[in-house]
Amino acid sequence: MTTPYTRSGTWRGLVLATAVSGTLLLLAGFAGAIWSGGSPLAMLTSTASGVIGDAAWRGPVTGPLLGLLVHFVLIGVIVDLYVIAAVRLPALVRHWRVSGVLFGILAWMLRTVIASPRDWPPAFLNLTPREAAVQILLHILLLGLPTAFLVKLANRWRA
């Protein structure tokens, strides 16, 4: 199957979509942490604790830095799944708005399963319908649509 994508354009789209969407979601997470009385550093440390457990809380710098790294790696993996699908299914690029919305919903579902594997019952089961709707909407607006749009732009990047 031939693809309109070049290798370099696809990589640029992946990196740009990861950086933009990852930053937007991170800023939304910071705002949510502050809104609920927490701190952005504690939010990042909590993310790191999903990987290294309670050791993330032992240092003032290690936890937040690892949390930042984990956040962008997870966003990169999720964006990469979309990029792979878009390269193989050109309809995703043609209908980027619809695919972006569906991707945002799927990304939220993946995040809720991946982000809380140590919690039982899973934390997302305790969400009110309003909280779940806000989270899904944020994933659509800050991850799904920007990723789909940037991957569409990558379709035009050559060389």
# chains A, B, ... in the order shown; residues from 1 in each chain; ligands from 1
$ closest_atom_pairs --of "stretch 60-122 of chain A" --to "stretch 138-146 of chain A" --cutoff "12 Å" --atoms "only C-alpha atoms" --output "CSV"
residue,atom,partner,partner_atom,distance
A:Ile75,CA,A:Leu143,CA,8.7
A:Gly76,CA,A:Leu143,CA,10.9
A:Ile78,CA,A:Leu143,CA,9.5
A:Val79,CA,A:Leu143,CA,8.4
A:Leu81,CA,A:Gly144,CA,11.7
A:Tyr82,CA,A:Gly144,CA,9.1
A:Val83,CA,A:Gly144,CA,11.5
A:Leu92,CA,A:Leu145,CA,11.6
A:Val93,CA,A:Leu145,CA,11.3
A:His95,CA,A:Leu145,CA,11.0
A:Trp96,CA,A:Leu145,CA,7.5
A:Arg97,CA,A:Leu145,CA,6.3
A:Val98,CA,A:Leu145,CA,8.5
A:Ser99,CA,A:Gly144,CA,7.8
A:Gly100,CA,A:Gly144,CA,4.3
A:Val101,CA,A:Ile140,CA,5.2
A:Leu102,CA,A:Gly144,CA,7.3
A:Phe103,CA,A:Gly144,CA,5.1
A:Gly104,CA,A:Gly144,CA,4.0
A:Ile105,CA,A:Ile140,CA,6.3
A:Leu106,CA,A:Gly144,CA,8.9
A:Ala107,CA,A:His139,CA,7.0
A:Trp108,CA,A:His139,CA,6.1
A:Met109,CA,A:His139,CA,9.7
A:Leu110,CA,A:His139,CA,11.0
A:Arg111,CA,A:His139,CA,9.8
A:Thr112,CA,A:His139,CA,11.4
$ write_last_selection --atoms "N, CA and C atoms" --output "mmCIF file, in the first residue's frame"
data_model
loop_
_atom_site.group_PDB
_atom_site.id
_atom_site.type_symbol
_atom_site.label_atom_id
_atom_site.label_comp_id
_atom_site.auth_asym_id
_atom_site.auth_seq_id
_atom_site.Cartn_x
_atom_site.Cartn_y
_atom_site.Cartn_z
ATOM 1 N N ILE A 75 1.994 9.934 26.529
ATOM 2 C CA ILE A 75 1.346 10.706 25.465
ATOM 3 C C ILE A 75 1.961 10.326 24.117
ATOM 4 N N GLY A 76 3.284 10.184 24.072
ATOM 5 C CA GLY A 76 3.956 9.793 22.833
ATOM 6 C C GLY A 76 3.493 8.447 22.320
ATOM 7 N N ILE A 78 0.568 6.981 22.988
ATOM 8 C CA ILE A 78 -0.829 7.094 22.554
ATOM 9 C C ILE A 78 -0.920 7.827 21.217
ATOM 10 N N VAL A 79 -0.153 8.898 21.064
ATOM 11 C CA VAL A 79 -0.141 9.632 19.788
ATOM 12 C C VAL A 79 0.408 8.729 18.682
ATOM 13 N N LEU A 81 0.099 5.580 18.370
ATOM 14 C CA LEU A 81 -0.967 4.666 17.935
ATOM 15 C C LEU A 81 -1.860 5.340 16.899
ATOM 16 N N TYR A 82 -2.163 6.613 17.124
ATOM 17 C CA TYR A 82 -2.970 7.338 16.152
ATOM 18 C C TYR A 82 -2.215 7.532 14.844
ATOM 19 N N VAL A 83 -0.940 7.886 14.941
ATOM 20 C CA VAL A 83 -0.140 8.111 13.733
ATOM 21 C C VAL A 83 -0.076 6.828 12.899
ATOM 22 N N LEU A 92 -8.890 8.424 8.177
ATOM 23 C CA LEU A 92 -8.719 9.131 9.449
ATOM 24 C C LEU A 92 -8.207 10.544 9.216
ATOM 25 N N VAL A 93 -7.382 10.708 8.201
ATOM 26 C CA VAL A 93 -6.842 12.030 7.883
ATOM 27 C C VAL A 93 -7.900 12.874 7.178
ATOM 28 N N HIS A 95 -11.101 12.678 7.462
ATOM 29 C CA HIS A 95 -12.158 13.010 8.429
ATOM 30 C C HIS A 95 -11.525 13.249 9.795
ATOM 31 N N TRP A 96 -10.568 14.168 9.828
ATOM 32 C CA TRP A 96 -9.749 14.352 11.026
ATOM 33 C C TRP A 96 -10.549 14.813 12.231
ATOM 34 N N ARG A 97 -11.623 15.560 12.019
ATOM 35 C CA ARG A 97 -12.420 16.017 13.167
ATOM 36 C C ARG A 97 -13.110 14.850 13.859
ATOM 37 N N VAL A 98 -13.730 13.995 13.085
ATOM 38 C CA VAL A 98 -14.417 12.829 13.660
ATOM 39 C C VAL A 98 -13.404 11.876 14.281
ATOM 40 N N SER A 99 -12.323 11.611 13.554
ATOM 41 C CA SER A 99 -11.319 10.697 14.097
ATOM 42 C C SER A 99 -10.642 11.296 15.321
ATOM 43 N N GLY A 100 -10.495 12.623 15.372
ATOM 44 C CA GLY A 100 -9.917 13.272 16.545
ATOM 45 C C GLY A 100 -10.799 13.125 17.777
ATOM 46 N N VAL A 101 -12.105 13.272 17.584
ATOM 47 C CA VAL A 101 -13.043 13.087 18.697
ATOM 48 C C VAL A 101 -13.001 11.644 19.184
ATOM 49 N N LEU A 102 -13.058 10.700 18.250
ATOM 50 C CA LEU A 102 -13.020 9.286 18.642
ATOM 51 C C LEU A 102 -11.688 8.926 19.286
ATOM 52 N N PHE A 103 -10.599 9.484 18.775
ATOM 53 C CA PHE A 103 -9.284 9.240 19.353
ATOM 54 C C PHE A 103 -9.207 9.805 20.772
ATOM 55 N N GLY A 104 -9.765 10.989 21.000
ATOM 56 C CA GLY A 104 -9.772 11.569 22.335
ATOM 57 C C GLY A 104 -10.511 10.686 23.334
ATOM 58 N N ILE A 105 -11.643 10.138 22.914
ATOM 59 C CA ILE A 105 -12.413 9.243 23.788
ATOM 60 C C ILE A 105 -11.624 7.966 24.056
ATOM 61 N N LEU A 106 -11.051 7.389 23.013
ATOM 62 C CA LEU A 106 -10.253 6.172 23.181
ATOM 63 C C LEU A 106 -9.033 6.431 24.066
ATOM 64 N N ALA A 107 -8.387 7.579 23.887
ATOM 65 C CA ALA A 107 -7.218 7.923 24.703
ATOM 66 C C ALA A 107 -7.617 8.051 26.171
ATOM 67 N N TRP A 108 -8.782 8.648 26.442
ATOM 68 C CA TRP A 108 -9.245 8.746 27.826
ATOM 69 C C TRP A 108 -9.459 7.353 28.408
ATOM 70 N N MET A 109 -10.064 6.477 27.616
ATOM 71 C CA MET A 109 -10.299 5.109 28.087
ATOM 72 C C MET A 109 -8.979 4.404 28.375
ATOM 73 N N LEU A 110 -7.999 4.556 27.479
ATOM 74 C CA LEU A 110 -6.685 3.949 27.705
ATOM 75 C C LEU A 110 -6.015 4.531 28.944
ATOM 76 N N ARG A 111 -6.094 5.847 29.102
ATOM 77 C CA ARG A 111 -5.474 6.491 30.250
ATOM 78 C C ARG A 111 -6.080 6.017 31.561
ATOM 79 N N THR A 112 -7.382 5.845 31.587
ATOM 80 C CA THR A 112 -8.015 5.427 32.835
ATOM 81 C C THR A 112 -7.622 4.006 33.203
#
$ select_by_dssp --residues "stretch 3-156 of chain A" --states "helix (DSSP H, G or I)" --output "JSON, numbers by chain"
{"A": [7, 8, 9, 10, 11, 12, 13, 14, 15, 16, 17, 18, 19, 20, 21, 22, 23, 24, 25, 26, 27, 28, 29, 30, 31, 32, 33, 34, 35, 40, 41, 42, 43, 44, 45, 46, 47, 48, 49, 50, 51, 52, 53, 54, 55, 56, 57, 62, 63, 64, 65, 66, 67, 68, 69, 70, 71, 72, 73, 74, 75, 76, 77, 78, 79, 80, 81, 82, 83, 84, 85, 86, 87, 88, 90, 91, 92, 93, 94, 96, 97, 98, 99, 100, 101, 102, 103, 104, 105, 106, 107, 108, 109, 110, 111, 112, 113, 114, 123, 124, 125, 126, 129, 130, 131, 132, 133, 134, 135, 136, 137, 138, 139, 140, 141, 142, 143, 144, 145, 146, 147, 148, 149, 150, 151, 152, 153, 154]}
$ closest_atom_pairs --of "stretch 58-150 of chain A" --to "stretch 43-53 of chain A" --cutoff "6 Å" --atoms "only C-alpha atoms" --output "tab-separated table"
residue	atom	partner	partner_atom	distance
A:Gly63	CA	A:Thr45	CA	4.4
A:Pro64	CA	A:Thr45	CA	4.6
A:Leu66	CA	A:Ala48	CA	5.4
A:Gly67	CA	A:Ala48	CA	4.1
$ atom_distance --atom1 "atom CA of A:Val87" --atom2 "atom CA of A:Ala28"
28.8 Å
$ atom_distance --atom1 "atom CA of A:Leu27" --atom2 "atom CA of A:Asp54"
24.2 Å
$ closest_residue --among "A:Ala132, A:Asn126, A:Thr18, A:Ala42" --to "A:Arg58" --atoms "only C-alpha atoms"
A:Ala42
